[in-house]
Every structure is written in C-alpha cells, then in structure tokens.
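Here's the structure, in structure tokens; my notes come after.
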Amino acid sequence: MTTRFQSYATRAVPRYTSYPTAPHFSDQVDDATYASWLKALKPTKPVSVYLHVPFCRQICWYCGCNMKLAAKDAPINEYAAMLGREIDLVADRLPQRMKISHLHWGGGTPTALSPVALTRAMEQLADRFEFAPRAELAIESDPRTLTEDMIWTIGGLGFTRASFGVQEFDPTVQLAINRVQPPEMVRASVEGLRLAGLKGINFDLIYGLPHQTVETLTRTIELSAEMRPDRVALFGYAHVPWMAKKQRMIDEAALPGPADRLAQSKAAAEALIKAGYVAIGLDHFALPHDPLAIAAQKGTLRRNFQGYTTDTAQTMLGLGASSIGRTPEGYVQNIGETRSWSRAVEAGRLPVARGIALSNEDKLRAWVIEALMCRGHVDLEEAGARYGTPADWHSDLDPELDQMEADGVIVRHGKEQVEMAQGAGQLVRTVAAVFDTYLKAKQTGHSVAV
C-alpha cells in the first residue's frame, strides 16, 4: 500500500460484525424489552443460536474475549447447568418451538465443558427447538486441551464444523503470546475430528503479533495448508491493554509497526490464495467447494458476530454470559460477569444487561455497511428505496466519499454506486465507517483498520 493508503489503514474503526456496534448499546433495552421482541418473532422463520462459554484451561495473552481461567471443573459444571436454565427461559418466551438453522459454541473454550455437560446442553436444545435438516453446528476448540473423549462426543452429537485458534506456529511468537501448540498437536486434533465425522475445519490466524515477521507467518500458512482447513480467518492483532488486561503481559516493543503489519497482511493473503483458497470479504479465505466461498460467489454472504457467514437467519439467540443476540427489532447483550449473569438466570429473568432498538435509519445504514463488508460495493439509491428514504439521503457524506475516491480507496459511479478500488479491499472498514453516525458522534476504542 502507498503512504496515502497507510493513513487510512491506521485509523481506528470497528470490525462491523454489527451495526450499531456494541459500544453504543445502552441499558434502555432490558429483559422486558427482549421478552417482547422474542414473543413477536415469526414462528415460521428459523433462528440461529450462539452459546458462550467464558472459561479456558490456559490463558492466551493476546486474547481480548470475555473469559476466565478455570483450573477446576466445578465452576464450569455450575455454569453449564445455568446455561441449561437460560435455554428454558428463552424458549419459554418464544411464540412456539422454533427451528435452528445455525448453532455456534464460542468462548473462551467451549470444549472446556465436560463431554457430559456438552451432551446435556445439546439434548436440551433439541428438546426445546428443532434442528433444521442441514443445520450447521459449529464449535470452537483448543487443541492443547481437546481430549479424545470430547472429539468423539462432538462427532456423535452431529457437529458439522470445528474452529481452531492456530494464530501462529513460530515457537518464539507462541511463547510471546503464551499459546504453545506445535503443528503436530493441531494436526492430531484436526485428524481426530475428521475421523469422528466433521466435514468442516476452520483455522484462525493472526498477524501483527509480537516477534512475528512475514517469514514466520507465511511458514505458518504453509503448515496450515498441509492440514487443509476448509476456511481460514486472518485477523489483525488488536492491542488494547487498557481493555484486555492480559495483553499487558505482551512486550509492546516486540510488536510490528504499521508498515510491517501491512506487509504481513498482504503476504499472508497472497500465500493463502497461492495455496488454493478464495479470498472472501475483508479477512476470510475458503476452499472453492466450501459453502462460504459459494455464498460469496452467489452474493448471499452475510456478516454477524462470528464474522463472515452463510447464516441468513434474521434472529440470533445469544446464550451465556456476555453473549450478544439479535432480533429484527434490535440487539441485546447479556450480563458479562458470570456470577451476576447466573443470579439473574436463577431468579428466572432474562439476563440482559443492555442493547439497542433499531430505527429505520439504523437498518438502512446496517444494510449499506454489510453490503460493503460482504460484497465490496453498494448502491446507495437502492438502500434508500429499501427503507423508504429519499435517494439523496447520503448527500452530506459525498465530500468524504469524493476524497476517498481522489485517494484511490473507492470508485464512484455517479453518486449512488460506491465500490472498493482495486487493491484497497483491506480498507473496507474505513469506508464503512463513513456511514456510521454513532462513530462520528462518539469515538470509542477500536482497533486499526489493518
């Protein structure tokens, strides 16, 4: 990228897995609001479900997720039991027994649960909901602690996809982020899950880590490609130690600078494409046969809190501490502190901490941002027509968009068509931010664009 592009790449902007983004949620949305939204859902429409397990057996210093170290089983077992009660609380407020099209266990480390606890939760979900015939059932896992018993439990429960946080295979980088997992360890977990019947394997890789170089990252991609994961997510490390305290263990002097991050991102993308992966959106790659690659080709790709997805459900039910849910009316986020979350559930209350009701303008801008993030182009006139807004609704944004065109970031066809310029795809978050009225009104702590 040119020096001019670097000024865009270093801007702090959201990842846009939702709009409005989570920092703009408020306590004006509570459990009563959410209950009314659940009751109003259309019974014939499928829902997706996200379950959050905020426990890990080992701490990774780079992680910014809501999680805690669990050296003993008791806290995890208690949490799993309370998660079962939350499933009932949500299901009781739905208009009827509804169909699940996508399910995702995230964390933390969901496989920190015992096989028995995971089985009970999945059986309870099957009792209170109906799984669609071709539902995607996904689970995140840590190869450092994944047992053979859990591998076969995951396969037996019908999971279709598993994700691994590989991040980087270089030993020096692994020590610097406190996540030591040799390639052989990851390979054994991948092969075990495939033998147990899982068809989809995802890897997460990160650039911008301490002591990381273009050479270490491309070597990691070579090793990863040998295991042939169906999807690879390539994220830029977001160093926010004021928010994620465990990141204070990372030596800031060892972090690559902006130019090095750009070089790593570009080299990694090129290496993945060379290995046979299709670039999807901002930061995902998939083998050509994978449903994500097919959705991108057909123009049906979507984006939610799990990143790029084939999930087209309008409703996502978020379960567990800190999880975020979505209905056509708005977003909700659960209480983050596990004890407070547990007390709310035990009292029979939906454990909502905050959220936001969507206005018509929010929905319009969300559609524009998702179109940019998923397809790299958007028709602003079409967006206005969809939401009953005058065709020139974006006129106040034209000067900023014109400047981006002059800088070679976007191409405009008239005033309505906005398209990412060739070679500027990594800056799509910066372009999306132009349409974010909340960001302009209140700056919050976000990671840099690249």
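Residues are named by chain letter and number: chains run A, B, ... in the order of the structure tokens, numbers start at 1 in each chain, and ligands are numbered from 1 in the order shown.
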All residues 9 Å or closer to A:Leu319, only C-alpha atoms, same chain fewer than 5 positions away omitted, as a PDB file with all heavy atoms, in the first residue's frame:
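This went into around.pdb:
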ATOM      1  N   VAL A  49     -28.427 -19.773  16.869  1.00  0.00           N
ATOM      2  CA  VAL A  49     -28.167 -19.769  18.308  1.00  0.00           C
ATOM      3  C   VAL A  49     -26.668 -19.681  18.552  1.00  0.00           C
ATOM      4  O   VAL A  49     -25.883 -20.400  17.918  1.00  0.00           O
ATOM      5  CB  VAL A  49     -28.734 -21.045  18.985  1.00  0.00           C
ATOM      6  CG1 VAL A  49     -28.347 -21.085  20.462  1.00  0.00           C
ATOM      7  CG2 VAL A  49     -30.259 -21.087  18.840  1.00  0.00           C
ATOM      8  N   TYR A  50     -26.287 -18.781  19.450  1.00  0.00           N
ATOM      9  CA  TYR A  50     -24.887 -18.679  19.867  1.00  0.00           C
ATOM     10  C   TYR A  50     -24.818 -18.945  21.369  1.00  0.00           C
ATOM     11  O   TYR A  50     -25.567 -18.341  22.149  1.00  0.00           O
ATOM     12  CB  TYR A  50     -24.308 -17.295  19.566  1.00  0.00           C
ATOM     13  CG  TYR A  50     -22.922 -17.097  20.156  1.00  0.00           C
ATOM     14  CD1 TYR A  50     -21.814 -17.674  19.545  1.00  0.00           C
ATOM     15  CD2 TYR A  50     -22.736 -16.386  21.341  1.00  0.00           C
ATOM     16  CE1 TYR A  50     -20.553 -17.537  20.094  1.00  0.00           C
ATOM     17  CE2 TYR A  50     -21.476 -16.242  21.897  1.00  0.00           C
ATOM     18  CZ  TYR A  50     -20.379 -16.819  21.273  1.00  0.00           C
ATOM     19  OH  TYR A  50     -19.127 -16.690  21.822  1.00  0.00           O
ATOM     20  N   LEU A  51     -23.932 -19.839  21.778  1.00  0.00           N
ATOM     21  CA  LEU A  51     -23.736 -20.152  23.194  1.00  0.00           C
ATOM     22  C   LEU A  51     -22.301 -19.819  23.585  1.00  0.00           C
ATOM     23  O   LEU A  51     -21.357 -20.300  22.956  1.00  0.00           O
ATOM     24  CB  LEU A  51     -24.021 -21.634  23.476  1.00  0.00           C
ATOM     25  CG  LEU A  51     -25.428 -22.108  23.096  1.00  0.00           C
ATOM     26  CD1 LEU A  51     -25.391 -22.869  21.782  1.00  0.00           C
ATOM     27  CD2 LEU A  51     -26.027 -22.978  24.189  1.00  0.00           C
ATOM     28  N   HIS A  52     -22.150 -18.999  24.627  1.00  0.00           N
ATOM     29  CA  HIS A  52     -20.831 -18.530  25.038  1.00  0.00           C
ATOM     30  C   HIS A  52     -20.376 -19.251  26.305  1.00  0.00           C
ATOM     31  O   HIS A  52     -21.113 -19.316  27.296  1.00  0.00           O
ATOM     32  CB  HIS A  52     -20.872 -17.023  25.307  1.00  0.00           C
ATOM     33  CG  HIS A  52     -19.519 -16.424  25.553  1.00  0.00           C
ATOM     34  ND1 HIS A  52     -18.627 -16.171  24.533  1.00  0.00           N
ATOM     35  CD2 HIS A  52     -18.893 -16.052  26.699  1.00  0.00           C
ATOM     36  CE1 HIS A  52     -17.514 -15.657  25.041  1.00  0.00           C
ATOM     37  NE2 HIS A  52     -17.655 -15.580  26.352  1.00  0.00           N
ATOM     38  N   LEU A  83     -26.582 -22.471  32.136  1.00  0.00           N
ATOM     39  CA  LEU A  83     -26.810 -22.264  30.715  1.00  0.00           C
ATOM     40  C   LEU A  83     -28.054 -23.037  30.270  1.00  0.00           C
ATOM     41  O   LEU A  83     -28.859 -22.547  29.464  1.00  0.00           O
ATOM     42  CB  LEU A  83     -25.581 -22.719  29.920  1.00  0.00           C
ATOM     43  CG  LEU A  83     -25.491 -22.324  28.444  1.00  0.00           C
ATOM     44  CD1 LEU A  83     -25.516 -20.809  28.275  1.00  0.00           C
ATOM     45  CD2 LEU A  83     -24.209 -22.890  27.834  1.00  0.00           C
ATOM     46  N   GLU A  86     -31.019 -21.045  31.169  1.00  0.00           N
ATOM     47  CA  GLU A  86     -31.251 -19.918  30.268  1.00  0.00           C
ATOM     48  C   GLU A  86     -31.898 -20.383  28.963  1.00  0.00           C
ATOM     49  O   GLU A  86     -32.728 -19.664  28.387  1.00  0.00           O
ATOM     50  CB  GLU A  86     -29.950 -19.164  29.973  1.00  0.00           C
ATOM     51  CG  GLU A  86     -30.227 -17.863  29.223  1.00  0.00           C
ATOM     52  CD  GLU A  86     -28.983 -17.103  28.799  1.00  0.00           C
ATOM     53  OE1 GLU A  86     -27.860 -17.613  28.995  1.00  0.00           O
ATOM     54  OE2 GLU A  86     -29.145 -15.996  28.245  1.00  0.00           O
ATOM     55  N   ILE A  87     -31.512 -21.556  28.493  1.00  0.00           N
ATOM     56  CA  ILE A  87     -32.163 -22.106  27.306  1.00  0.00           C
ATOM     57  C   ILE A  87     -33.671 -22.174  27.527  1.00  0.00           C
ATOM     58  O   ILE A  87     -34.469 -21.778  26.667  1.00  0.00           O
ATOM     59  CB  ILE A  87     -31.594 -23.499  26.968  1.00  0.00           C
ATOM     60  CG1 ILE A  87     -30.140 -23.383  26.502  1.00  0.00           C
ATOM     61  CG2 ILE A  87     -32.453 -24.191  25.905  1.00  0.00           C
ATOM     62  CD1 ILE A  87     -29.433 -24.719  26.355  1.00  0.00           C
ATOM     63  N   VAL A  90     -35.374 -18.576  27.547  1.00  0.00           N
ATOM     64  CA  VAL A  90     -35.561 -18.014  26.206  1.00  0.00           C
ATOM     65  C   VAL A  90     -36.646 -18.780  25.455  1.00  0.00           C
ATOM     66  O   VAL A  90     -37.542 -18.177  24.848  1.00  0.00           O
ATOM     67  CB  VAL A  90     -34.228 -18.029  25.425  1.00  0.00           C
ATOM     68  CG1 VAL A  90     -34.455 -17.661  23.967  1.00  0.00           C
ATOM     69  CG2 VAL A  90     -33.231 -17.068  26.066  1.00  0.00           C
ATOM     70  N   ILE A 324     -24.148 -11.842  22.753  1.00  0.00           N
ATOM     71  CA  ILE A 324     -24.964 -10.847  22.073  1.00  0.00           C
ATOM     72  C   ILE A 324     -25.961 -11.548  21.167  1.00  0.00           C
ATOM     73  O   ILE A 324     -25.611 -12.478  20.443  1.00  0.00           O
ATOM     74  CB  ILE A 324     -24.088  -9.880  21.251  1.00  0.00           C
ATOM     75  CG1 ILE A 324     -23.135  -9.112  22.173  1.00  0.00           C
ATOM     76  CG2 ILE A 324     -24.954  -8.895  20.463  1.00  0.00           C
ATOM     77  CD1 ILE A 324     -22.182  -8.186  21.437  1.00  0.00           C
ATOM     78  N   GLY A 325     -27.199 -11.097  21.248  1.00  0.00           N
ATOM     79  CA  GLY A 325     -28.247 -11.636  20.400  1.00  0.00           C
ATOM     80  C   GLY A 325     -28.828 -10.554  19.506  1.00  0.00           C
ATOM     81  O   GLY A 325     -28.597  -9.357  19.724  1.00  0.00           O
ATOM     82  N   ASN A 334     -26.068  -9.930  27.005  1.00  0.00           N
ATOM     83  CA  ASN A 334     -26.216 -10.445  28.360  1.00  0.00           C
ATOM     84  C   ASN A 334     -25.214  -9.825  29.318  1.00  0.00           C
ATOM     85  O   ASN A 334     -24.178  -9.280  28.912  1.00  0.00           O
ATOM     86  CB  ASN A 334     -26.029 -11.968  28.369  1.00  0.00           C
ATOM     87  CG  ASN A 334     -27.291 -12.713  27.975  1.00  0.00           C
ATOM     88  OD1 ASN A 334     -28.359 -12.117  27.831  1.00  0.00           O
ATOM     89  ND2 ASN A 334     -27.172 -14.026  27.809  1.00  0.00           N
TER      90      ASN A 334
END
Item to check | Test item: residues at most 10 Å from A:Asn304, only C-alpha atoms, excluding those fewer than 2 positions along its chain, as a PyMOL selection string | outcome: chain A and resi 16-19+302+306-312+316+326+370
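Residue neighbourhood of A:Ala196, excluding near-sequence residues (fewer than 3 positions): Ile151, Trp152, Ile154, Gly155, Gly156, Gly192 and Leu193 of chain A, at 8 Å, using only C-alpha atoms.
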Same residues, N, CA, C and O atoms, output as an mmCIF file, in the first residue's frame:
data_model
loop_
_atom_site.group_PDB
_atom_site.id
_atom_site.type_symbol
_atom_site.label_atom_id
_atom_site.label_comp_id
_atom_site.auth_asym_id
_atom_site.auth_seq_id
_atom_site.Cartn_x
_atom_site.Cartn_y
_atom_site.Cartn_z
ATOM 1 N N ILE A 151 -13.574 -35.339 21.429
ATOM 2 C CA ILE A 151 -13.606 -35.437 19.963
ATOM 3 C C ILE A 151 -14.748 -36.340 19.514
ATOM 4 O O ILE A 151 -15.543 -35.986 18.633
ATOM 5 N N TRP A 152 -14.872 -37.502 20.128
ATOM 6 C CA TRP A 152 -15.911 -38.441 19.713
ATOM 7 C C TRP A 152 -17.292 -37.992 20.179
ATOM 8 O O TRP A 152 -18.304 -38.295 19.518
ATOM 9 N N ILE A 154 -18.206 -34.780 20.236
ATOM 10 C CA ILE A 154 -18.550 -33.766 19.236
ATOM 11 C C ILE A 154 -19.062 -34.429 17.959
ATOM 12 O O ILE A 154 -20.066 -34.021 17.379
ATOM 13 N N GLY A 155 -18.361 -35.472 17.522
ATOM 14 C CA GLY A 155 -18.803 -36.186 16.330
ATOM 15 C C GLY A 155 -20.151 -36.857 16.529
ATOM 16 O O GLY A 155 -21.024 -36.784 15.661
ATOM 17 N N GLY A 156 -20.341 -37.471 17.692
ATOM 18 C CA GLY A 156 -21.587 -38.179 17.968
ATOM 19 C C GLY A 156 -22.793 -37.258 18.079
ATOM 20 O O GLY A 156 -23.927 -37.675 17.805
ATOM 21 N N GLY A 192 -8.407 -36.139 14.202
ATOM 22 C CA GLY A 192 -9.347 -36.809 15.089
ATOM 23 C C GLY A 192 -10.777 -36.391 14.820
ATOM 24 O O GLY A 192 -11.687 -37.237 14.756
ATOM 25 N N LEU A 193 -11.008 -35.112 14.647
ATOM 26 C CA LEU A 193 -12.361 -34.620 14.387
ATOM 27 C C LEU A 193 -12.868 -35.068 13.019
ATOM 28 O O LEU A 193 -14.049 -35.396 12.859
#
Next on the checklist: When DSSP is applied to the backbone of this structure, which of stretch 32-192 of chain A are assigned helix (DSSP H, G or I)? Write them out as a PyMOL selection string.
Outcome noted: chain A and resi 32-39+74-92+110-112+115-128+148-156+171-177+183-192
Excluding A:Thr430 and any residue of its chain fewer than 4 positions from it, enumerate the residues within 10 Å of it, using only C-alpha atoms, and give them as a short mmCIF file (atom, residue, chain, number, x, y, z; two decimals) with N, CA and C atoms, in the first residue's frame.
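Contents of selection.cif, as written:
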data_model
loop_
_atom_site.label_atom_id
_atom_site.label_comp_id
_atom_site.auth_asym_id
_atom_site.auth_seq_id
_atom_site.Cartn_x
_atom_site.Cartn_y
_atom_site.Cartn_z
N TYR A 8 -5.14 5.66 5.94
CA TYR A 8 -6.46 5.06 6.13
C TYR A 8 -6.35 3.78 6.95
N ALA A 9 -5.29 3.01 6.70
CA ALA A 9 -5.13 1.72 7.37
C ALA A 9 -4.91 1.86 8.87
N THR A 10 -4.38 2.99 9.32
CA THR A 10 -4.10 3.16 10.74
C THR A 10 -5.24 3.85 11.49
N ARG A 11 -6.34 4.10 10.82
CA ARG A 11 -7.50 4.68 11.50
C ARG A 11 -8.17 3.62 12.39
N ALA A 12 -8.59 4.03 13.56
CA ALA A 12 -9.28 3.11 14.49
C ALA A 12 -10.75 3.06 14.12
N VAL A 13 -11.20 1.92 13.63
CA VAL A 13 -12.58 1.75 13.19
C VAL A 13 -13.11 0.39 13.65
N PRO A 14 -14.43 0.24 13.79
CA PRO A 14 -15.00 -1.05 14.21
C PRO A 14 -14.79 -2.15 13.18
N ARG A 15 -14.97 -3.38 13.63
CA ARG A 15 -14.90 -4.53 12.71
C ARG A 15 -16.24 -4.75 12.00
N MET A 404 -12.18 10.08 -0.67
CA MET A 404 -11.72 8.70 -0.73
C MET A 404 -11.51 8.26 -2.18
N VAL A 409 -9.14 5.02 -2.89
CA VAL A 409 -9.68 3.99 -1.99
C VAL A 409 -10.96 3.39 -2.55
N GLN A 426 -8.65 -4.08 1.75
CA GLN A 426 -8.38 -4.14 3.19
C GLN A 426 -8.88 -2.91 3.94
N VAL A 434 -17.66 5.60 7.20
CA VAL A 434 -18.24 6.85 6.69
C VAL A 434 -19.73 6.88 6.95
N PHE A 435 -20.39 5.72 6.93
CA PHE A 435 -21.84 5.65 7.08
C PHE A 435 -22.27 5.43 8.54
N VAL A 448 -7.05 -0.73 14.76
CA VAL A 448 -6.75 -0.09 13.49
C VAL A 448 -7.32 -0.92 12.36
N ALA A 449 -7.54 -0.28 11.20
CA ALA A 449 -8.23 -0.93 10.10
C ALA A 449 -7.47 -2.13 9.54
N VAL A 450 -6.13 -2.05 9.53
CA VAL A 450 -5.32 -3.17 9.02
C VAL A 450 -4.24 -3.52 10.03
#
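Candidate residues A:Tyr331, A:Tyr34, A:Phe5, A:Tyr79 were compared for distance to A:Leu350, and the nearest is A:Tyr34, using only C-alpha atoms.
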Checklist entry - Per DSSP on the backbone, what are the strand (DSSP E) residues of stretch 155-389 of chain A, as a VMD selection string? => result chain A and resid 161 to 167 200 to 207 231 to 236 278 to 280 284 to 286 302 to 304 307 to 309 315 to 319 324 to 327 330 to 334 352 to 357 377 to 379
Can you check which parts of stretch 225-319 of chain A lie within 7 Å of stretch 60-72 of chain A? Per residue, the shortest pair of atoms and distance in Å to one decimal, counting only C-alpha atoms, sorted by chain and number, as CSV.
residue,atom,partner,partner_atom,distance
A:Ala244,CA,A:Gly64,CA,5.2
A:Lys246,CA,A:Trp61,CA,5.2
A:Gln247,CA,A:Trp61,CA,5.1
A:Met249,CA,A:Trp61,CA,6.3
A:Ile250,CA,A:Trp61,CA,6.7
Checklist entry - Which value, in Å to one decimal, gives the distance between atom CA of A:Pro351 and atom CA of A:Met122? => result 20.5 Å
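Across A:Gly425, A:Gly348, A:Gly414, A:Pro291, the tightest approach to A:Asp31 is made by A:Gly348 when counting only C-alpha atoms.
Using only C-alpha atoms, the contacts of A:Met420 at a cut-off of 8 Å, with sequence neighbours closer than 3 positions omitted, comprise Gly376, His377, Val409, Ile410, Val411, Ala424, Gly425 and Val428 of chain A.
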Write a file of the just-selected residues containing N, CA and C atoms, as an mmCIF file, in the first residue's frame.
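Result file selection-v1.cif:
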data_model
loop_
_atom_site.group_PDB
_atom_site.id
_atom_site.type_symbol
_atom_site.label_atom_id
_atom_site.label_comp_id
_atom_site.auth_asym_id
_atom_site.auth_seq_id
_atom_site.Cartn_x
_atom_site.Cartn_y
_atom_site.Cartn_z
ATOM 1 N N GLY A 376 -18.180 -5.639 -1.222
ATOM 2 C CA GLY A 376 -17.218 -4.643 -1.677
ATOM 3 C C GLY A 376 -17.818 -3.539 -2.509
ATOM 4 N N HIS A 377 -19.123 -3.496 -2.627
ATOM 5 C CA HIS A 377 -19.782 -2.418 -3.367
ATOM 6 C C HIS A 377 -21.210 -2.268 -2.854
ATOM 7 N N VAL A 409 -9.143 5.015 -2.890
ATOM 8 C CA VAL A 409 -9.677 3.989 -1.990
ATOM 9 C C VAL A 409 -10.956 3.387 -2.551
ATOM 10 N N ILE A 410 -11.802 4.216 -3.143
ATOM 11 C CA ILE A 410 -13.051 3.750 -3.721
ATOM 12 C C ILE A 410 -13.193 4.273 -5.155
ATOM 13 N N VAL A 411 -14.162 3.705 -5.860
ATOM 14 C CA VAL A 411 -14.562 4.201 -7.169
ATOM 15 C C VAL A 411 -16.057 4.498 -7.081
ATOM 16 N N ALA A 424 -7.564 -2.015 -2.730
ATOM 17 C CA ALA A 424 -7.889 -1.287 -1.492
ATOM 18 C C ALA A 424 -8.892 -2.042 -0.626
ATOM 19 N N GLY A 425 -9.117 -3.309 -0.919
ATOM 20 C CA GLY A 425 -10.124 -4.078 -0.197
ATOM 21 C C GLY A 425 -9.920 -4.121 1.306
ATOM 22 N N VAL A 428 -11.864 -1.610 3.672
ATOM 23 C CA VAL A 428 -13.312 -1.551 3.603
ATOM 24 C C VAL A 428 -13.927 -1.092 4.925
#
Within 6 Å of stretch 257-269 of chain A, counting only C-alpha atoms, which residues show up once you throw out same-chain ones fewer than 3 positions away? Write them as a compact mmCIF listing (two decimals) with N, CA, C and O atoms, in the first residue's frame, please.
# COMPACT_ATOMS: atom_id res chain seq x y z
N GLY A 208 0.47 -9.33 13.07
CA GLY A 208 0.71 -8.22 13.99
C GLY A 208 1.07 -8.65 15.39
O GLY A 208 1.03 -7.84 16.33
N VAL A 214 7.00 -11.51 8.30
CA VAL A 214 6.40 -12.06 7.09
C VAL A 214 6.82 -13.52 6.93
O VAL A 214 6.01 -14.38 6.57
N THR A 218 4.17 -16.63 6.83
CA THR A 218 4.00 -17.43 5.61
C THR A 218 4.34 -18.89 5.85
O THR A 218 3.74 -19.79 5.25
N LEU A 272 -2.16 -17.55 1.05
CA LEU A 272 -3.39 -18.34 1.13
C LEU A 272 -4.01 -18.54 -0.25
O LEU A 272 -4.46 -19.64 -0.58
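Distances here use only C-alpha atoms; by that measure, the residue among A:Arg179, A:Arg120, A:Arg339, A:Lys99 closest to A:Thr153 is A:Arg120.
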